[in-house]
Amino acid sequence: MLKSYYNKEAIEAGLDEVGRGCLAGPVVAAAVILPHDYTHEFLNDSKQLSKMQRDLLENEIKREAIAWAVAEVDNFEIDKINILKASFLAMHRAVDALQTKPEHLLVDGNRFTPYPMIPHTCIIKGDSHYLSIAAASVLAKNYRDELMTELGRLFPYYGWANNVGYPTIHHRNAIREHGPCSHHRMSFKLLKD
């Protein structure tokens with residue numbers, strides 16, 4: 001079972017992002033503040049959950065959380081500042097949007113650009129250790145998957161309803177055949193040599 005908190009004395013927000021390795025679409029981050037006594041038997045890293053589980057969890061997280069927010073950085077900004085900085089910017093935007101101000105940030109990963117006036121702790125594979133980070137991963141993944149499915153209706157040949165912008169063989173073949181569209185990250189290597 002995942003841990004309920006890292007710092008019992010603080011209002012703690014878990015942060016996670018999704019879409020860093022994609023060739024198209026935004027990078028999306030979520031921030032979630034859960035009650036210290038919150039527990040859940042199957043909440044885990046969103047990649048370990050089925051879509052049905054994530055959908056059930058999304059509703060519960062939004063209902064039970066003290067505060068939650070989702071934010072994105074689009075492909076144009078990613079191309080301007082690079083994907084790592086864009087990931088941190090998306091997390092900062094998610095914290096900005098929280099209705100309750102956190103006193104500590106629990107960040108999935110090994111690096112983070114400090115958020116002004118709020119201390120943070122980086123946790124490698126944090127979404128499989130802490131409930132708040134796992135909750136953030138679920139909200140971010142569901143939001144981004146839905147967005148890419150919508151965009152996939154406008155650009156059906158890339159297969160985004162299935163690959164959500166990741167570099168699958170189908171996606172790369174479609175770029176080769178149709179060229180990139182306005183949602184592709186032009187700073188990324190869209191095609192292999």
# chains A, B, ... in the order shown; residues from 1 in each chain; ligands from 1

$ residues_around --residues "region 124-138 of chain A" --least-positions-apart "5" --cutoff "6 Å" --atoms "only C-alpha atoms" --output "VMD selection string"
chain A and resid 2 to 4 14 to 16 30 to 32 44 to 46 108 to 110

$ write_last_selection --atoms "C-alpha atoms" --output "mmCIF file, in the first residue's frame"
data_model
loop_
_atom_site.group_PDB
_atom_site.id
_atom_site.type_symbol
_atom_site.label_atom_id
_atom_site.label_comp_id
_atom_site.auth_asym_id
_atom_site.auth_seq_id
_atom_site.Cartn_x
_atom_site.Cartn_y
_atom_site.Cartn_z
ATOM 1 C CA LEU A 2 1.276 3.482 -0.899
ATOM 2 C CA LYS A 3 2.180 6.001 1.819
ATOM 3 C CA SER A 4 -0.287 8.752 2.716
ATOM 4 C CA GLY A 14 1.974 15.467 -4.926
ATOM 5 C CA LEU A 15 3.168 16.426 -8.431
ATOM 6 C CA ASP A 16 3.557 14.333 -11.558
ATOM 7 C CA ALA A 30 -1.179 17.603 -12.039
ATOM 8 C CA ALA A 31 -0.899 18.618 -8.407
ATOM 9 C CA VAL A 32 -3.003 16.893 -5.743
ATOM 10 C CA ASN A 44 -0.931 3.382 -7.957
ATOM 11 C CA ASP A 45 1.225 4.754 -10.759
ATOM 12 C CA SER A 46 -1.239 5.448 -13.606
ATOM 13 C CA ASP A 108 7.906 12.488 -8.961
ATOM 14 C CA GLY A 109 11.422 12.159 -10.370
ATOM 15 C CA ASN A 110 14.975 13.116 -9.485
#

$ select_by_dssp --residues "region 3-121 of chain A" --states "strand (DSSP E)" --output "list of chain:residue names"
A:Glu12, A:Ala13, A:Gly14, A:Leu15, A:Asp16, A:Glu17, A:Val18, A:Val27, A:Val28, A:Ala29, A:Ala30, A:Ala31, A:Val32, A:Ile33, A:Ala67, A:Trp68, A:Ala69, A:Val70, A:Ala71, A:Glu72, A:Val73, A:His104, A:Leu105, A:Leu106, A:Val107, A:Asp108, A:His120, A:Thr121

$ select_by_dssp --residues "region 36-172 of chain A" --states "alpha helix (DSSP H)" --output "ChimeraX atom specification"
/A:51-64,75-81,83-97,131-154,160-163,169-172

$ write_last_selection --atoms "C-alpha atoms" --output "PDB file, in the first residue's frame"
ATOM      1  CA  LYS A  51      -8.453   2.920 -18.149  1.00  0.00           C
ATOM      2  CA  MET A  52     -11.523   1.791 -16.199  1.00  0.00           C
ATOM      3  CA  GLN A  53      -9.574   1.912 -12.911  1.00  0.00           C
ATOM      4  CA  ARG A  54      -8.185   5.358 -13.765  1.00  0.00           C
ATOM      5  CA  ASP A  55     -11.656   6.689 -14.592  1.00  0.00           C
ATOM      6  CA  LEU A  56     -13.045   5.439 -11.258  1.00  0.00           C
ATOM      7  CA  LEU A  57     -10.059   6.856  -9.416  1.00  0.00           C
ATOM      8  CA  GLU A  58     -10.275  10.225 -11.163  1.00  0.00           C
ATOM      9  CA  ASN A  59     -13.791  10.774  -9.821  1.00  0.00           C
ATOM     10  CA  GLU A  60     -12.794   9.706  -6.324  1.00  0.00           C
ATOM     11  CA  ILE A  61      -9.601  11.800  -6.293  1.00  0.00           C
ATOM     12  CA  LYS A  62     -11.495  14.914  -7.377  1.00  0.00           C
ATOM     13  CA  ARG A  63     -14.143  14.250  -4.716  1.00  0.00           C
ATOM     14  CA  GLU A  64     -11.788  13.390  -1.829  1.00  0.00           C
ATOM     15  CA  ASN A  75       4.224  21.871 -28.117  1.00  0.00           C
ATOM     16  CA  PHE A  76       5.239  25.416 -29.159  1.00  0.00           C
ATOM     17  CA  GLU A  77       6.478  26.214 -25.654  1.00  0.00           C
ATOM     18  CA  ILE A  78       8.189  22.807 -25.474  1.00  0.00           C
ATOM     19  CA  ASP A  79      10.051  23.620 -28.701  1.00  0.00           C
ATOM     20  CA  LYS A  80      11.102  27.003 -27.274  1.00  0.00           C
ATOM     21  CA  ILE A  81      12.352  25.978 -23.825  1.00  0.00           C
ATOM     22  CA  ILE A  83      10.945  19.283 -22.652  1.00  0.00           C
ATOM     23  CA  LEU A  84      12.591  19.144 -19.218  1.00  0.00           C
ATOM     24  CA  LYS A  85      11.949  22.831 -18.496  1.00  0.00           C
ATOM     25  CA  ALA A  86       8.450  22.458 -19.943  1.00  0.00           C
ATOM     26  CA  SER A  87       7.726  19.548 -17.575  1.00  0.00           C
ATOM     27  CA  PHE A  88       8.742  21.657 -14.571  1.00  0.00           C
ATOM     28  CA  LEU A  89       6.754  24.632 -15.907  1.00  0.00           C
ATOM     29  CA  ALA A  90       3.629  22.458 -16.218  1.00  0.00           C
ATOM     30  CA  MET A  91       4.104  21.351 -12.586  1.00  0.00           C
ATOM     31  CA  HIS A  92       4.531  24.985 -11.473  1.00  0.00           C
ATOM     32  CA  ARG A  93       1.342  25.937 -13.326  1.00  0.00           C
ATOM     33  CA  ALA A  94      -0.533  23.105 -11.606  1.00  0.00           C
ATOM     34  CA  VAL A  95       0.667  24.374  -8.193  1.00  0.00           C
ATOM     35  CA  ASP A  96      -0.345  27.936  -9.206  1.00  0.00           C
ATOM     36  CA  ALA A  97      -3.874  26.669  -9.909  1.00  0.00           C
ATOM     37  CA  LEU A 131      -0.688   8.354  -2.840  1.00  0.00           C
ATOM     38  CA  SER A 132      -0.636  12.080  -3.696  1.00  0.00           C
ATOM     39  CA  ILE A 133       1.878  11.569  -6.523  1.00  0.00           C
ATOM     40  CA  ALA A 134      -0.056   8.537  -7.815  1.00  0.00           C
ATOM     41  CA  ALA A 135      -3.250  10.626  -7.739  1.00  0.00           C
ATOM     42  CA  ALA A 136      -1.499  13.378  -9.709  1.00  0.00           C
ATOM     43  CA  SER A 137      -0.309  10.807 -12.271  1.00  0.00           C
ATOM     44  CA  VAL A 138      -3.887   9.544 -12.738  1.00  0.00           C
ATOM     45  CA  LEU A 139      -5.339  13.042 -13.259  1.00  0.00           C
ATOM     46  CA  ALA A 140      -2.546  14.083 -15.625  1.00  0.00           C
ATOM     47  CA  LYS A 141      -2.748  10.880 -17.695  1.00  0.00           C
ATOM     48  CA  ASN A 142      -6.538  10.941 -18.017  1.00  0.00           C
ATOM     49  CA  TYR A 143      -6.538  14.624 -18.989  1.00  0.00           C
ATOM     50  CA  ARG A 144      -3.808  14.160 -21.602  1.00  0.00           C
ATOM     51  CA  ASP A 145      -5.256  10.917 -23.032  1.00  0.00           C
ATOM     52  CA  GLU A 146      -8.648  12.605 -23.516  1.00  0.00           C
ATOM     53  CA  LEU A 147      -7.021  15.642 -25.117  1.00  0.00           C
ATOM     54  CA  MET A 148      -4.991  13.513 -27.551  1.00  0.00           C
ATOM     55  CA  THR A 149      -8.077  11.429 -28.410  1.00  0.00           C
ATOM     56  CA  GLU A 150      -9.924  14.688 -29.252  1.00  0.00           C
ATOM     57  CA  LEU A 151      -6.997  15.919 -31.364  1.00  0.00           C
ATOM     58  CA  GLY A 152      -6.903  12.488 -32.996  1.00  0.00           C
ATOM     59  CA  ARG A 153     -10.369  13.131 -34.422  1.00  0.00           C
ATOM     60  CA  LEU A 154      -8.963  16.171 -36.248  1.00  0.00           C
ATOM     61  CA  TRP A 160      -3.472   9.363 -31.374  1.00  0.00           C
ATOM     62  CA  ALA A 161      -6.562   7.666 -29.918  1.00  0.00           C
ATOM     63  CA  ASN A 162      -4.279   4.644 -29.400  1.00  0.00           C
ATOM     64  CA  ASN A 163      -0.730   6.022 -29.090  1.00  0.00           C
ATOM     65  CA  ILE A 169       5.739   2.651 -35.607  1.00  0.00           C
ATOM     66  CA  HIS A 170       2.236   3.668 -36.795  1.00  0.00           C
ATOM     67  CA  HIS A 171       2.731   7.277 -35.651  1.00  0.00           C
ATOM     68  CA  ARG A 172       6.145   7.575 -37.302  1.00  0.00           C
TER      69      ARG A 172
END

$ closest_residue --among "A:Phe112, A:Cys122, A:Pro35, A:Val18" --to "Ala71 (chain A)" --atoms "only C-alpha atoms"
A:Val18
